[in-house]
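A.B. asks: Below is one structure. I have some questions about it.
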Amino acid sequence: MQTLQQQWFGNVRADILAGIVVGLALIPEALAFAFIVGVDPRVALYASFTIAVITAFVGGRPGLISAATGAMALVLVSLMADHGLEYVLAATILTGIIQLILGSLGVANLMRFIPNSVMLGFVNALGIMIFMTQLPYLIGSGTMTYVFAVVTLILVYAVPRFFTLIPAPLIAIVVMTAIALFSGVRLQSIGDLGTMPSSLPTFFFPNIPLNVETLKIILPYSLALSIVGLLESLLTSQVLDDMTDTPSNKNREARGQGIANFITGFFGGMAGCALIGQSVINVKSGGRGRLSTLTAGAFLMFLIIVLGDLVVKIPMPVLAGVMVMVAATTFNWGSFKFLRSAPRSESIVMLITVAIILYTHNLAIGVVIGVVLSALFFVAKISRVSVTNKAGIYKVQGPLFFASTTRFIQAFDNINEKQIVIDFENSQLWDESAVGAILKVVTKLESKGTTVTIRGLNTSSEQLYEKLL
Amino acid sequence: MKIAVAIDGSENAMRAAKHAIMLAEYLPRVTLEIIYVQDFSKAKDERLLEQSSESLALKREQKMQPILAMAKEAAVEAKVIILRGNPSEEIINYVNEKKIDKLVIGSRGLNSFQEMVLGSVSHKVMKHVVCPVTVVK
């Protein structure tokens, strides 16, 4: 791994340029995520600033961009609606504590157990939900709303063909906002929905009663936020590892996410995590080191303070148009091919994960159920055991453990020979159930007058057999 | 002499590779460089569609192997160059920097939608590469 100095100053020029690009690109998303939760834009913008700046120092993956995100915003919606901002901030602080603890316990090592079918379900449901959140700004607000949204979308997809230096969404926003202002079309704007901050965030304690009641309210949200945040952050770390062909410290990243959320809650920001899209933009723009993340956060705050008065003029249909693109990029369009080519159990896990998330509006529940389901499918898959008879020698094929013993016992239901051999050469005994099953078969056969010889147990199976019998 | 062929795992690239190997067979003292670019735009989706980074590495290796086998059969000295970034930019930079004498490339790659949005890689490469280029249909 690189030294700390390399991580900070190994790529100064490109890191600063990429950071500026990302800082710009973070603004529209942060605004949209604030509107999803139903909080003032300030809450998401402060979060993006503090999370980016803090993870630049304490994160485990240089070049990763963390800020306010759609996934976290979607978890917070009902907490905000039922209990208000102070509880959102408290939940953010608690999320930080949980993530810090999980990171210290080595949670990143568990990522191995989350199959990609669950990950696909996660990003697809996320894409669909972000798209759904934009519909209220698009439908039923008159023809001009549709026109502005559609033209924005066309610009977002067409501009990169000719010009890639500045991210297309930004160009689209500037152009469309200018057109709206000069043509005098009346459209709902960001200023109609909230105010821009004009100062840096300050430290304060969320105004909530510190009792068990409060904990009961925020704990479920904090747990969900912790899962969602770590999942997206570690997934994004893996993507960047792969893009840059460099390793990263995932448990440090998990702890870094925790520290960032913990501090962000005290500065009036909502919980966040790594952004896949923005992190990819950062690397594409040449960002590799910690300086790029720091620049992104600092530049975002600078822009908001300087240009806040202009930002409020952005029409909502234009922002919604950009977010439709973000939703479409989040969705994994290769999933349709995946459904056709992947094993059926994996396709089912993916679809069920999506369905549960869309039904419960909770990304964490979908992920947990998806993981459990795929674990069950896996057990079912490896629990296939077969017994074949060849001249009185019964060969056992497949592992013998609690899930496969029934089949094994059934195979010896109708034996009439005087003498048989059970051969375990292609099997492995895993637990008490396995030894118990063998005992059961032997006892039953011997009571019918059949002599049973056991052979072919490998060393560890033999040891288990001897120990338990 | 250095011949390079840019591949992406498509049928088209396979034909380009065949052509490049054929050219190399007829030339004395030639090395063949097989260029594969890991596209940054696809990094996220590719990672999600594979179970692990190991299976992702395997998928990439599978794009290389048939071509290396063909080269070996034809007794052509071949090496694999893996680049990361935007495919057309990376190919152009590499070919111009390493003074490749001839580039062979397939006319179209895997994704027609991206081609529509971003323009075709072969077209862009053809315009900006200084050496002669053969585009294989």
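By convention here, the chains of the structure tokens are called A, B, ... in the order presented, each chain's residues are numbered starting at 1, and ligands are numbered starting at 1 in the order presented.
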Identify every residue of chain A that has at least one atom within 8 Å of any atom of chain B, counting only C-alpha atoms, and report the result as a list in words.
C.D. replies: Pro115, Asn116, Ser117, Met119, Leu120, Tyr157, Ala158, Pro160, Arg161, Val239, Asp242, Met243, Thr244, Ile276, Val280, Lys284, Asn332, Gly334, Ser335 and Phe338 of chain A
A.B. asks: Take the residues that were just selected and, keeping C-alpha atoms, output them as a CSV table (one decimal), in the first residue's frame.
C.D. replies:
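Final output, again_6.csv:
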```
chain,number,residue,atom,x,y,z
A,115,PRO,CA,-23.6,-12.2,-3.0
A,116,ASN,CA,-23.7,-10.0,-6.1
A,117,SER,CA,-27.3,-10.9,-6.7
A,119,MET,CA,-25.9,-6.1,-4.5
A,120,LEU,CA,-27.7,-6.0,-7.9
A,157,TYR,CA,-26.9,12.5,-22.7
A,158,ALA,CA,-25.9,14.4,-25.8
A,160,PRO,CA,-20.6,14.1,-23.5
A,161,ARG,CA,-20.4,13.2,-27.2
A,239,VAL,CA,-15.1,-0.6,-7.7
A,242,ASP,CA,-10.7,-2.5,-9.5
A,243,MET,CA,-10.5,0.7,-11.6
A,244,THR,CA,-7.1,1.8,-10.2
A,276,ILE,CA,-20.6,5.2,-6.5
A,280,VAL,CA,-16.3,6.9,-10.6
A,284,LYS,CA,-12.3,9.2,-14.5
A,332,ASN,CA,-27.7,-1.8,-13.6
A,334,GLY,CA,-27.0,-5.6,-17.4
A,335,SER,CA,-29.4,-7.1,-14.9
A,338,PHE,CA,-28.1,-11.5,-15.7
```
A.B. asks: Which of chain B end up as strand (DSSP E) when DSSP is run on this backbone - answer as an MDAnalysis selection string?
C.D. replies: chainID B and resid 2:7 31:39 78:85 102:106 133:136
A.B. asks: To one decimal place, how far is atom CA of Leu294 of chain A from atom CA of Thr3 of chain A in Å?
C.D. replies: 17.6 Å
A.B. asks: Need to verify the contact set: Asn96 of chain B, 7 Å, only C-alpha atoms, exclusion of same-chain residues closer than 3 positions in sequence. Can you return it as a PyMOL selection string?
C.D. replies: chain B and resi 92-93+99-100+129-130
